[in-house]
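Below is coords.cif, which holds mmCIF, C-alpha atoms.
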```cif
data_entry
#
loop_
_atom_site.label_atom_id
_atom_site.label_comp_id
_atom_site.auth_asym_id
_atom_site.auth_seq_id
_atom_site.Cartn_x
_atom_site.Cartn_y
_atom_site.Cartn_z
CA MET H 1 130.41 49.09 162.54
CA THR H 2 132.30 51.64 164.59
CA ALA H 3 135.96 51.32 165.26
CA ILE H 4 135.24 50.52 168.89
CA ALA H 5 132.75 47.83 167.95
CA ARG H 6 135.22 46.38 165.47
CA ALA H 7 137.94 46.35 168.07
CA ALA H 8 135.59 44.77 170.58
CA SER H 9 134.54 42.08 168.12
CA GLY H 10 138.22 41.50 167.27
CA ALA H 11 138.97 41.16 170.97
CA THR H 12 136.11 38.70 171.37
CA VAL H 13 137.48 36.56 168.56
CA LEU H 14 140.89 36.72 170.16
CA VAL H 15 139.53 35.77 173.58
CA VAL H 16 137.58 32.89 172.07
CA ALA H 17 140.63 31.75 170.14
CA VAL H 18 142.82 31.89 173.24
CA CYS H 19 140.20 30.04 175.26
CA LEU H 20 139.94 27.39 172.59
CA GLY H 21 143.69 27.13 172.53
CA VAL H 22 143.86 26.74 176.29
CA ALA H 23 140.92 24.36 176.26
CA SER H 24 142.51 22.21 173.60
CA ALA H 25 145.72 22.09 175.58
CA VAL H 26 144.01 21.15 178.81
CA ALA H 27 141.19 18.99 177.51
CA ALA H 28 140.38 18.80 173.85
CA PRO H 29 137.04 20.36 173.07
CA SER H 30 134.37 18.27 171.51
CA GLY H 31 135.34 17.14 168.04
CA VAL H 32 139.06 17.66 168.46
CA VAL H 33 140.83 14.51 169.56
CA HIS H 34 143.94 14.67 171.67
CA TYR H 35 146.56 12.35 170.25
CA VAL H 36 150.01 11.48 171.50
CA LEU H 37 152.78 9.68 169.71
CA ASP H 38 153.28 5.94 169.84
CA GLN H 39 157.05 6.24 169.59
CA SER H 40 157.74 2.56 169.02
CA LYS H 41 155.57 2.47 165.89
CA SER H 42 156.52 5.82 164.40
CA THR H 43 159.35 6.98 162.18
CA LEU H 44 160.91 10.34 161.44
CA GLU H 45 163.50 10.06 158.71
CA TYR H 46 165.64 12.38 156.64
CA THR H 47 167.58 12.04 153.43
CA PHE H 48 170.58 14.10 152.46
CA THR H 49 173.24 14.18 149.81
CA GLN H 50 176.69 13.22 151.03
CA ALA H 51 179.52 13.19 148.51
CA GLY H 52 177.04 13.08 145.66
CA ALA H 53 175.12 10.11 147.00
CA GLN H 54 171.79 9.84 148.80
CA ASN H 55 172.13 8.98 152.47
CA LYS H 56 169.51 8.69 155.15
CA GLY H 57 169.03 8.80 158.86
CA ARG H 58 166.32 9.00 161.47
CA PHE H 59 165.44 10.32 164.87
CA THR H 60 164.33 7.85 167.48
CA ARG H 61 162.80 10.22 170.07
CA PHE H 62 160.41 12.92 168.95
CA PRO H 63 157.41 13.39 171.25
CA VAL H 64 154.30 14.58 169.44
CA THR H 65 151.00 15.90 170.65
CA PHE H 66 148.33 16.46 168.07
CA ASP H 67 144.93 17.91 168.76
CA PHE H 68 143.06 17.34 165.61
CA SER H 69 139.72 17.10 164.00
CA PRO H 70 139.31 17.21 160.23
CA ASP H 71 136.06 19.03 160.91
CA ASP H 72 137.52 21.58 163.27
CA LEU H 73 140.86 22.57 161.80
CA GLY H 74 140.69 25.90 163.58
CA ALA H 75 140.98 24.18 166.94
CA SER H 76 143.70 21.81 165.80
CA ARG H 77 147.28 22.05 166.92
CA LEU H 78 150.40 20.04 166.27
CA ASP H 79 153.39 20.09 168.57
CA VAL H 80 156.52 18.12 167.72
CA THR H 81 159.68 18.12 169.81
CA VAL H 82 162.62 16.38 168.23
CA ASP H 83 165.31 15.13 170.56
CA ILE H 84 168.24 15.90 168.27
CA GLY H 85 170.62 13.71 170.25
CA SER H 86 168.56 10.72 169.15
CA LEU H 87 169.69 11.11 165.55
CA ASP H 88 170.97 7.97 163.91
CA THR H 89 172.48 7.78 160.45
CA GLY H 90 173.72 4.24 160.91
CA ASP H 91 177.31 5.36 161.43
CA GLN H 92 178.76 6.27 164.81
CA GLU H 93 181.40 8.61 163.44
CA ARG H 94 178.88 10.45 161.30
CA ASN H 95 176.41 10.65 164.21
CA ASP H 96 179.07 12.20 166.42
CA THR H 97 179.96 14.68 163.68
CA LEU H 98 176.30 15.65 163.26
CA ARG H 99 175.96 16.24 167.00
CA SER H 100 179.06 18.44 167.09
CA ASP H 101 179.08 22.23 167.42
CA ASP H 102 179.40 22.96 163.71
CA LEU H 103 176.28 21.00 162.84
CA PHE H 104 173.41 20.40 165.30
CA ALA H 105 175.36 21.49 168.41
CA VAL H 106 173.30 19.10 170.49
CA ALA H 107 174.86 20.17 173.77
CA LYS H 108 173.64 23.72 173.22
CA TYR H 109 170.45 23.04 171.26
CA PRO H 110 169.19 19.64 172.36
CA GLN H 111 165.78 19.96 170.77
CA ALA H 112 164.08 21.10 167.59
CA HIS H 113 160.44 22.13 167.58
CA PHE H 114 157.67 22.27 165.07
CA ILE H 115 154.51 23.93 166.20
CA ALA H 116 151.58 24.30 163.85
CA THR H 117 148.38 26.08 164.72
CA GLN H 118 146.93 26.47 161.24
CA PHE H 119 145.68 23.63 159.12
CA VAL H 120 144.54 23.68 155.54
CA LYS H 121 142.56 21.04 153.71
CA THR H 122 144.26 20.04 150.46
CA PRO H 123 143.19 17.68 147.67
CA ALA H 124 145.65 15.08 148.97
CA GLY H 125 145.02 15.59 152.68
CA PHE H 126 146.05 18.48 154.88
CA GLU H 127 148.77 20.97 155.32
CA ALA H 128 150.12 22.04 158.69
CA VAL H 129 151.28 25.64 158.70
CA GLY H 130 153.63 26.45 161.50
CA LYS H 131 157.07 27.30 162.67
CA LEU H 132 160.11 25.08 162.77
CA THR H 133 162.92 25.87 165.16
CA ILE H 134 166.32 24.22 164.93
CA ARG H 135 169.39 25.63 166.68
CA ASN H 136 167.21 28.51 167.92
CA LEU H 137 166.53 29.63 164.35
CA THR H 138 162.87 29.74 163.46
CA HIS H 139 161.27 29.77 160.03
CA ASP H 140 157.78 29.30 158.68
CA MET H 141 157.16 25.83 157.45
CA ARG H 142 154.30 24.13 155.64
CA VAL H 143 154.09 20.39 156.03
CA PRO H 144 151.67 18.41 153.89
CA PHE H 145 150.32 15.25 155.45
CA THR H 146 147.65 12.64 155.27
CA PHE H 147 145.68 11.52 158.27
CA ARG H 148 143.46 8.56 158.86
CA THR H 149 141.90 7.14 161.96
CA ALA H 150 141.35 3.57 162.98
CA THR H 151 140.12 1.61 165.95
CA GLU H 152 142.57 -0.96 167.20
CA ASN H 153 141.66 -3.20 170.13
CA GLY H 154 138.89 -0.80 170.97
CA ALA H 155 141.21 2.22 171.10
CA ALA H 156 141.14 5.14 168.69
CA VAL H 157 144.39 5.68 166.82
CA GLY H 158 145.48 8.07 164.11
CA TYR H 159 148.02 7.55 161.35
CA MET H 160 149.76 10.62 160.09
CA SER H 161 152.32 10.63 157.35
CA GLY H 162 153.93 13.02 154.94
CA LYS H 163 157.13 14.45 153.67
CA THR H 164 158.71 17.76 152.95
CA THR H 165 162.04 19.36 152.20
CA LEU H 166 163.98 21.96 154.11
CA ARG H 167 167.29 23.71 153.70
CA ARG H 168 169.70 22.89 156.51
CA LEU H 169 171.57 26.20 156.22
CA ASP H 170 168.36 28.15 156.95
CA TYR H 171 168.66 26.69 160.43
CA GLY H 172 172.40 27.06 160.78
CA VAL H 173 173.01 23.32 160.51
CA GLY H 174 176.41 23.76 158.96
CA GLN H 175 178.86 26.26 160.39
CA GLY H 176 182.41 26.88 159.24
CA ASP H 177 183.47 24.35 156.61
CA TRP H 178 180.04 22.76 156.70
CA LYS H 179 178.46 25.83 155.10
CA ALA H 180 179.74 24.43 151.82
CA THR H 181 177.10 22.43 150.01
CA ASP H 182 179.18 20.58 147.40
CA GLN H 183 179.78 17.57 149.64
CA VAL H 184 176.75 17.79 151.92
CA GLY H 185 173.75 19.22 150.11
CA ASN H 186 171.64 22.04 151.51
CA ASP H 187 168.34 20.30 150.79
CA VAL H 188 167.25 17.75 153.33
CA GLY H 189 164.21 15.58 152.74
CA VAL H 190 162.12 14.82 155.80
CA SER H 191 159.50 12.11 155.95
CA PHE H 192 157.38 10.84 158.78
CA ALA H 193 154.93 8.06 159.45
CA LEU H 194 153.38 8.43 162.88
CA ARG H 195 151.07 6.26 164.88
CA LEU H 196 149.14 8.36 167.35
CA THR H 197 146.93 7.15 170.15
CA ALA H 198 143.90 9.10 171.30
CA HIS H 199 143.76 10.13 174.93
CA MET M 200 202.38 6.72 116.41
CA ALA M 201 199.83 4.07 115.54
CA LEU M 202 196.71 3.79 117.67
CA LEU M 203 196.75 0.01 117.61
CA ASN M 204 199.32 -2.29 119.14
CA THR M 205 201.67 -4.34 117.02
CA THR M 206 203.65 -7.39 118.10
CA ARG M 207 206.64 -5.03 118.55
CA ARG M 208 205.14 -1.96 120.17
CA TRP M 209 202.26 -0.65 122.24
CA GLY M 210 199.94 1.65 120.31
CA ALA M 211 198.85 5.11 121.44
CA VAL M 212 195.61 3.91 123.04
CA ALA M 213 197.33 1.26 125.17
CA GLN M 214 200.03 3.75 126.17
CA LEU M 215 197.48 6.40 127.08
CA LEU M 216 195.54 3.92 129.23
CA HIS M 217 198.75 2.71 130.89
CA TRP M 218 200.07 6.15 131.82
CA LEU M 219 196.68 7.59 132.71
CA ILE M 220 196.20 4.77 135.21
CA VAL M 221 199.72 5.34 136.57
CA ALA M 222 198.87 9.00 137.17
CA LEU M 223 195.52 8.17 138.77
CA ILE M 224 197.11 5.59 141.09
CA ILE M 225 199.53 8.28 142.29
CA VAL M 226 196.52 10.54 142.89
CA GLN M 227 194.82 7.72 144.79
CA VAL M 228 197.76 7.08 147.09
CA THR M 229 198.03 10.83 147.77
CA LEU M 230 194.32 11.23 148.52
CA ALA M 231 194.29 8.16 150.78
CA ALA M 232 197.37 9.37 152.69
CA LEU M 233 195.88 12.86 153.15
CA ALA M 234 192.51 11.45 154.25
CA ASP M 235 194.26 9.24 156.81
CA GLU M 236 195.84 12.27 158.43
CA VAL M 237 192.83 14.52 158.90
CA PRO M 238 190.23 14.10 161.65
CA PRO M 239 186.64 13.25 160.72
CA GLY M 240 185.13 16.30 159.12
CA LEU M 241 184.32 17.94 155.83
CA ARG M 242 187.91 17.78 154.58
CA LYS M 243 188.11 14.04 155.18
CA LEU M 244 184.72 13.58 153.54
CA THR M 245 185.85 15.55 150.49
CA LEU M 246 189.17 13.69 150.18
CA LEU M 247 187.48 10.31 150.46
CA ALA M 248 184.77 11.30 147.98
CA ARG M 249 187.49 12.18 145.44
CA HIS M 250 189.36 8.96 146.26
CA LYS M 251 186.22 6.95 145.54
CA SER M 252 185.45 8.82 142.31
CA VAL M 253 189.01 8.41 141.05
CA GLY M 254 188.90 4.74 142.06
CA ILE M 255 185.76 4.20 140.00
CA THR M 256 187.47 6.00 137.12
CA ILE M 257 190.38 3.56 137.36
CA LEU M 258 187.92 0.66 137.37
CA MET M 259 186.29 1.97 134.19
CA LEU M 260 189.70 2.49 132.55
CA ALA M 261 190.78 -1.01 133.60
CA ILE M 262 187.73 -2.48 131.87
CA LEU M 263 188.53 -0.48 128.71
CA ARG M 264 192.14 -1.55 128.95
CA LEU M 265 191.34 -5.23 129.21
CA LEU M 266 188.88 -5.02 126.31
CA TRP M 267 191.50 -3.19 124.25
CA ARG M 268 194.14 -5.78 125.12
CA TRP M 269 191.88 -8.63 124.06
CA ASN M 270 191.15 -6.97 120.72
CA ASN M 271 194.73 -6.05 119.86
CA PRO M 272 198.02 -7.83 119.45
CA THR M 273 200.21 -7.85 122.57
CA PRO M 274 203.87 -6.97 121.98
CA ASP M 275 206.01 -10.05 122.45
CA LEU M 276 208.37 -10.43 125.36
CA PRO M 277 212.00 -10.46 124.20
CA PRO M 278 213.03 -14.00 123.14
CA THR M 279 216.18 -13.71 125.25
CA LEU M 280 214.22 -14.02 128.49
CA LYS M 281 214.87 -17.07 130.63
CA PRO M 282 211.77 -19.17 131.36
CA TYR M 283 211.60 -17.98 134.98
CA GLU M 284 211.90 -14.34 133.86
CA ARG M 285 209.11 -14.90 131.40
CA ARG M 286 206.94 -16.42 134.13
CA LEU M 287 207.81 -13.58 136.52
CA ALA M 288 206.84 -10.98 133.90
CA GLN M 289 203.56 -12.76 133.18
CA PHE M 290 202.83 -13.12 136.89
CA THR M 291 203.55 -9.45 137.54
CA HIS M 292 201.33 -8.30 134.68
CA ALA M 293 198.51 -10.64 135.72
CA MET M 294 198.74 -9.34 139.29
CA LEU M 295 198.60 -5.75 138.08
CA TYR M 296 195.45 -6.43 136.09
CA ILE M 297 193.86 -8.30 139.00
CA LEU M 298 194.70 -5.45 141.37
CA LEU M 299 193.34 -2.82 138.96
CA PHE M 300 190.00 -4.50 139.53
CA ALA M 301 190.41 -5.69 143.11
CA MET M 302 191.45 -2.31 144.50
CA PRO M 303 188.44 -0.29 143.32
CA LEU M 304 186.00 -3.15 143.86
CA SER M 305 187.15 -3.75 147.45
CA GLY M 306 186.95 0.01 148.06
CA TRP M 307 183.46 0.20 146.58
CA MET M 308 182.33 -2.80 148.65
CA MET M 309 183.91 -1.28 151.74
CA SER M 310 181.95 1.92 151.20
CA SER M 311 178.72 -0.03 150.72
CA ALA M 312 179.37 -2.06 153.88
CA ARG M 313 179.97 1.18 155.77
CA GLY M 314 176.61 2.45 154.53
CA PHE M 315 178.09 5.29 152.47
CA PRO M 316 176.92 4.92 148.87
CA VAL M 317 179.53 5.76 146.22
CA SER M 318 179.03 8.48 143.67
CA TRP M 319 181.12 9.25 140.62
CA PHE M 320 182.07 12.91 141.11
CA GLY M 321 178.45 13.62 142.03
CA PHE M 322 177.29 12.82 138.48
CA PHE M 323 175.71 9.50 139.32
CA GLN M 324 175.32 7.21 142.25
CA LEU M 325 176.52 3.62 142.13
CA PRO M 326 174.49 0.76 143.56
CA ASP M 327 175.59 -0.77 146.84
CA LEU M 328 177.55 -3.98 146.23
CA VAL M 329 177.05 -5.47 149.67
CA PRO M 330 174.62 -4.81 152.51
CA LYS M 331 175.61 -2.55 155.36
CA SER M 332 177.56 -4.52 157.96
CA LYS M 333 180.17 -3.42 160.46
CA PRO M 334 182.20 -6.68 160.54
CA LEU M 335 182.12 -6.81 156.75
CA TYR M 336 183.27 -3.19 156.57
CA GLU M 337 186.17 -3.92 158.89
CA ALA M 338 187.16 -7.01 156.90
CA LEU M 339 187.01 -5.02 153.65
CA LEU M 340 189.01 -2.16 155.13
CA THR M 341 191.75 -4.66 155.98
CA THR M 342 191.45 -6.21 152.53
CA HIS M 343 191.65 -2.85 150.75
CA ALA M 344 194.70 -1.80 152.80
CA THR M 345 196.41 -5.17 152.30
CA LEU M 346 195.78 -5.10 148.56
CA ALA M 347 197.26 -1.60 148.47
CA CYS M 348 200.47 -2.98 150.01
CA VAL M 349 200.46 -5.87 147.54
CA LEU M 350 199.99 -3.38 144.71
CA GLY M 351 202.92 -1.38 146.01
CA ALA M 352 205.12 -4.49 146.00
CA VAL M 353 204.01 -5.55 142.50
CA VAL M 354 204.58 -2.02 141.17
CA VAL M 355 208.13 -2.11 142.57
CA LEU M 356 208.68 -5.41 140.76
CA HIS M 357 207.16 -4.02 137.55
CA VAL M 358 209.27 -0.85 137.62
CA ALA M 359 212.41 -2.80 138.52
CA GLY M 360 211.75 -5.11 135.57
CA ALA M 361 211.23 -2.18 133.19
CA LEU M 362 214.43 -0.47 134.38
CA LYS M 363 216.42 -3.71 134.10
CA HIS M 364 215.22 -4.10 130.50
CA HIS M 365 216.18 -0.53 129.71
CA TYR M 366 219.50 -0.13 131.52
CA VAL M 367 220.85 -3.66 131.93
CA LEU M 368 219.45 -5.67 129.03
CA ARG M 369 219.29 -2.53 126.89
CA ASP M 370 216.27 -3.77 124.95
CA ASP M 371 213.15 -1.82 123.93
CA VAL M 372 210.69 -3.22 126.49
CA LEU M 373 210.41 0.13 128.31
CA ARG M 374 210.70 2.28 125.20
CA ARG M 375 207.84 0.55 123.46
CA MET M 376 205.52 1.77 126.25
CA LEU M 377 206.87 5.33 125.97
CA PRO M 378 205.51 7.89 123.55
CA PHE M 379 207.90 9.90 121.36
CA THR M 380 210.45 7.09 121.16
CA HIS M 381 211.40 4.78 118.36
CA SER M 382 211.83 1.16 119.08
CA THR M 383 211.74 -0.25 115.61
CA ARG M 384 215.51 -0.63 115.57
CA GLU M 385 217.15 -3.68 116.99
CA PRO M 386 218.47 -3.20 120.51
CA GLU M 387 221.84 -1.55 120.55
CA ALA M 388 224.75 -3.87 120.96
#
```
Starting from the file, give its structure as structure tokens.
Amino acid sequence: MTAIARAASGATVLVVAVCLGVASAVAAPSGVVHYVLDQSKSTLEYTFTQAGAQNKGRFTRFPVTFDFSPDDLGASRLDVTVDIGSLDTGDQERNDTLRSDDLFAVAKYPQAHFIATQFVKTPAGFEAVGKLTIRNLTHDMRVPFTFRTATENGAAVGYMSGKTTLRRLDYGVGQGDWKATDQVGNDVGVSFALRLTAH
Amino acid sequence: MALLNTTRRWGAVAQLLHWLIVALIIVQVTLAALADEVPPGLRKLTLLARHKSVGITILMLAILRLLWRWNNPTPDLPPTLKPYERRLAQFTHAMLYILLFAMPLSGWMMSSARGFPVSWFGFFQLPDLVPKSKPLYEALLTTHATLACVLGAVVVLHVAGALKHHYVLRDDVLRRMLPFTHSTREPEA
């Protein structure tokens, strides 16, 4: 194959990929189902070490769109927007502290994003490979998850769950004093159990 | 100095436990006062974490102390005491023991009710004693603070009693809780 032919074939793949991407965003192509989050029946929780003890919290607003087919992972895409202001650790004072400038700086960075465009089949389920952005800092992130579908009252739904760990300081969640990790650990466990409805 | 108590004198173990707890209570009051002054933030979190760890340490030492007391003779109170003085001394000591348990336990419960699990210096995490509840937390906060004031009052009584024995009655009640002193002699005339 000549260089020109190779470039042309590369361009074709690119064009097809872009078209698929656009198509999946507008109307999911055959096979890929367009899911959106059922917020009231979904959880996004995190665990963290505070003063040597395990503590946990959750977000209550985190819109998700998920275009997915186990048989067409190449056309699948996951888009999660976390409304950081919706964080709740069960303690008003702690919530306010977490929203403050030295931690999530909600006023400046109201949302976190996870966008995955690559999916890998694993023995336990799948892995979403994408990019997580918090406080405008973006890092690659792999999120293992399981997915199952069901029909409830005649409607197609998907259940997606999984957990992973991230380091808060990679995303600047902890400025000034809060860069220290002896009282508030760097590792944060994240777990999710989502109910998604097909549209 | 003997490790064990006799009917005349506190042994080294009892003395160590007594003075160690005195030192830790001073640390506790200091940490609590400092934590009260700083705004919510990492410094407050750190101070309160230490306060909780030290409190749990005192609770553990109090358990050891009570076990040691039950398995050892207790030095007698001087026979010269009037019945009301005897009762006052017994009441004060009983209150001190009760508070050595009530202070850390109310603090631990308060932390559980707040939803902040307690850890001992980060080495291990303690179970929550009560479920998370805002009204319960507020009640326990009041309890913990009130008990701290009661402890302060009882300590004043305890110290006043010890000083009266030493300087007014000139007996060996204080000296027998002090290391490096001899109290085998009869009180000086």
With a distance threshold of 12 Å and counting all atoms listed in the file, extract the residues of chain M near chain H and express them as number ranges by chain. M: 238-252, 310-327, 331-333, 336
With C-alpha atoms retained, export the selected residues as a compact mmCIF listing (two decimals), in the coordinates of the input.
```txt
# COMPACT_ATOMS: atom_id res chain seq x y z
CA PRO M 238 190.23 14.10 161.65
CA PRO M 239 186.64 13.25 160.72
CA GLY M 240 185.13 16.30 159.12
CA LEU M 241 184.32 17.94 155.83
CA ARG M 242 187.91 17.78 154.58
CA LYS M 243 188.11 14.04 155.18
CA LEU M 244 184.72 13.58 153.54
CA THR M 245 185.85 15.55 150.49
CA LEU M 246 189.17 13.69 150.18
CA LEU M 247 187.48 10.31 150.46
CA ALA M 248 184.77 11.30 147.98
CA ARG M 249 187.49 12.18 145.44
CA HIS M 250 189.36 8.96 146.26
CA LYS M 251 186.22 6.95 145.54
CA SER M 252 185.45 8.82 142.31
CA SER M 310 181.95 1.92 151.20
CA SER M 311 178.72 -0.03 150.72
CA ALA M 312 179.37 -2.06 153.88
CA ARG M 313 179.97 1.18 155.77
CA GLY M 314 176.61 2.45 154.53
CA PHE M 315 178.09 5.29 152.47
CA PRO M 316 176.92 4.92 148.87
CA VAL M 317 179.53 5.76 146.22
CA SER M 318 179.03 8.48 143.67
CA TRP M 319 181.12 9.25 140.62
CA PHE M 320 182.07 12.91 141.11
CA GLY M 321 178.45 13.62 142.03
CA PHE M 322 177.29 12.82 138.48
CA PHE M 323 175.71 9.50 139.32
CA GLN M 324 175.32 7.21 142.25
CA LEU M 325 176.52 3.62 142.13
CA PRO M 326 174.49 0.76 143.56
CA ASP M 327 175.59 -0.77 146.84
CA LYS M 331 175.61 -2.55 155.36
CA SER M 332 177.56 -4.52 157.96
CA LYS M 333 180.17 -3.42 160.46
CA TYR M 336 183.27 -3.19 156.57
```
Evaluated on this file, the PyMOL selection byres ((chain H and resi 146) around 12) picks out some residues - which ones are they, written as a VMD selection string? chain H and resid 70 119 to 128 143 to 145 147 to 149 158 to 163 191 to 194
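For the set M:Leu304, M:Phe290, M:Ala234, M:Ile224, the residue with the smallest atom-to-atom gap to M:Val253 is M:Ile224, counting only C-alpha atoms.
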Excluding same-chain residues fewer than 2 positions from M:Met200, what lies within 8 Å of it counting only C-alpha atoms, as a PyMOL selection string? chain M and resi 202+210-211+378
Would you kindly identify which residues have an atom no farther than 6 Å from (171.0, 27.0, 163.2), using all atoms listed in the file and the file's own coordinates, and write them out as a ChimeraX atom specification? /H:134-135,137,171-173
By how many Å are atom CA of H:Asp140 and atom CA of H:Asp170 apart? 10.8 Å
Can you list what the PyMOL selection byres ((chain H and resi 157) around 9) grabs from this structure, as a PyMOL selection string? chain H and resi 35+148-152+155-156+158-159+195-198
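You will find atom CA of H:Leu37 at 5.1 Å from atom CA of H:Val64.
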Here's the selection I'm unsure about, the PyMOL selection byres ((chain M and resi 339) around 8); applied to the file above, which residues does it give, as a PDB file with C-alpha atoms, in the coordinates of the input?
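Printed below is expr-v6.pdb as written:
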```pdb
ATOM      1  CA  SER M 305     187.150  -3.750 147.450  1.00  0.00           C
ATOM      2  CA  GLY M 306     186.950   0.010 148.060  1.00  0.00           C
ATOM      3  CA  MET M 308     182.330  -2.800 148.650  1.00  0.00           C
ATOM      4  CA  MET M 309     183.910  -1.280 151.740  1.00  0.00           C
ATOM      5  CA  LEU M 335     182.120  -6.810 156.750  1.00  0.00           C
ATOM      6  CA  TYR M 336     183.270  -3.190 156.570  1.00  0.00           C
ATOM      7  CA  GLU M 337     186.170  -3.920 158.890  1.00  0.00           C
ATOM      8  CA  ALA M 338     187.160  -7.010 156.900  1.00  0.00           C
ATOM      9  CA  LEU M 340     189.010  -2.160 155.130  1.00  0.00           C
ATOM     10  CA  THR M 341     191.750  -4.660 155.980  1.00  0.00           C
ATOM     11  CA  THR M 342     191.450  -6.210 152.530  1.00  0.00           C
ATOM     12  CA  HIS M 343     191.650  -2.850 150.750  1.00  0.00           C
TER      13      HIS M 343
END
```
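For the atom pair formed by atom CA of M:Phe379 and atom CA of M:Leu215, the distance is 12.4 Å, given to one decimal.
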Report, as lines of an AutoDock Vina configuration file, the centre and edge lengths in Å (one decimal) of the axis-aligned box enclosing every listed atom of stretch 221-227 of chain M, padded by 8 Å on each side.
```
center_x = 197.3
center_y = 7.9
center_z = 140.7
size_x = 20.9
size_y = 21.2
size_z = 24.2
```
Show which residues sit within 12 Å of M:Ala213, as a PyMOL selection string. Count only C-alpha atoms, and ignore same-chain residues fewer than 5 positions away. chain M and resi 200-205+208+218-220+260-261+263-274+375-378
Counting only C-alpha atoms, what is within 9 Å of H:Leu169, bar same-chain residues fewer than 6 positions away, as JSON, numbers by chain? {"H": [175, 179, 186, 187]}
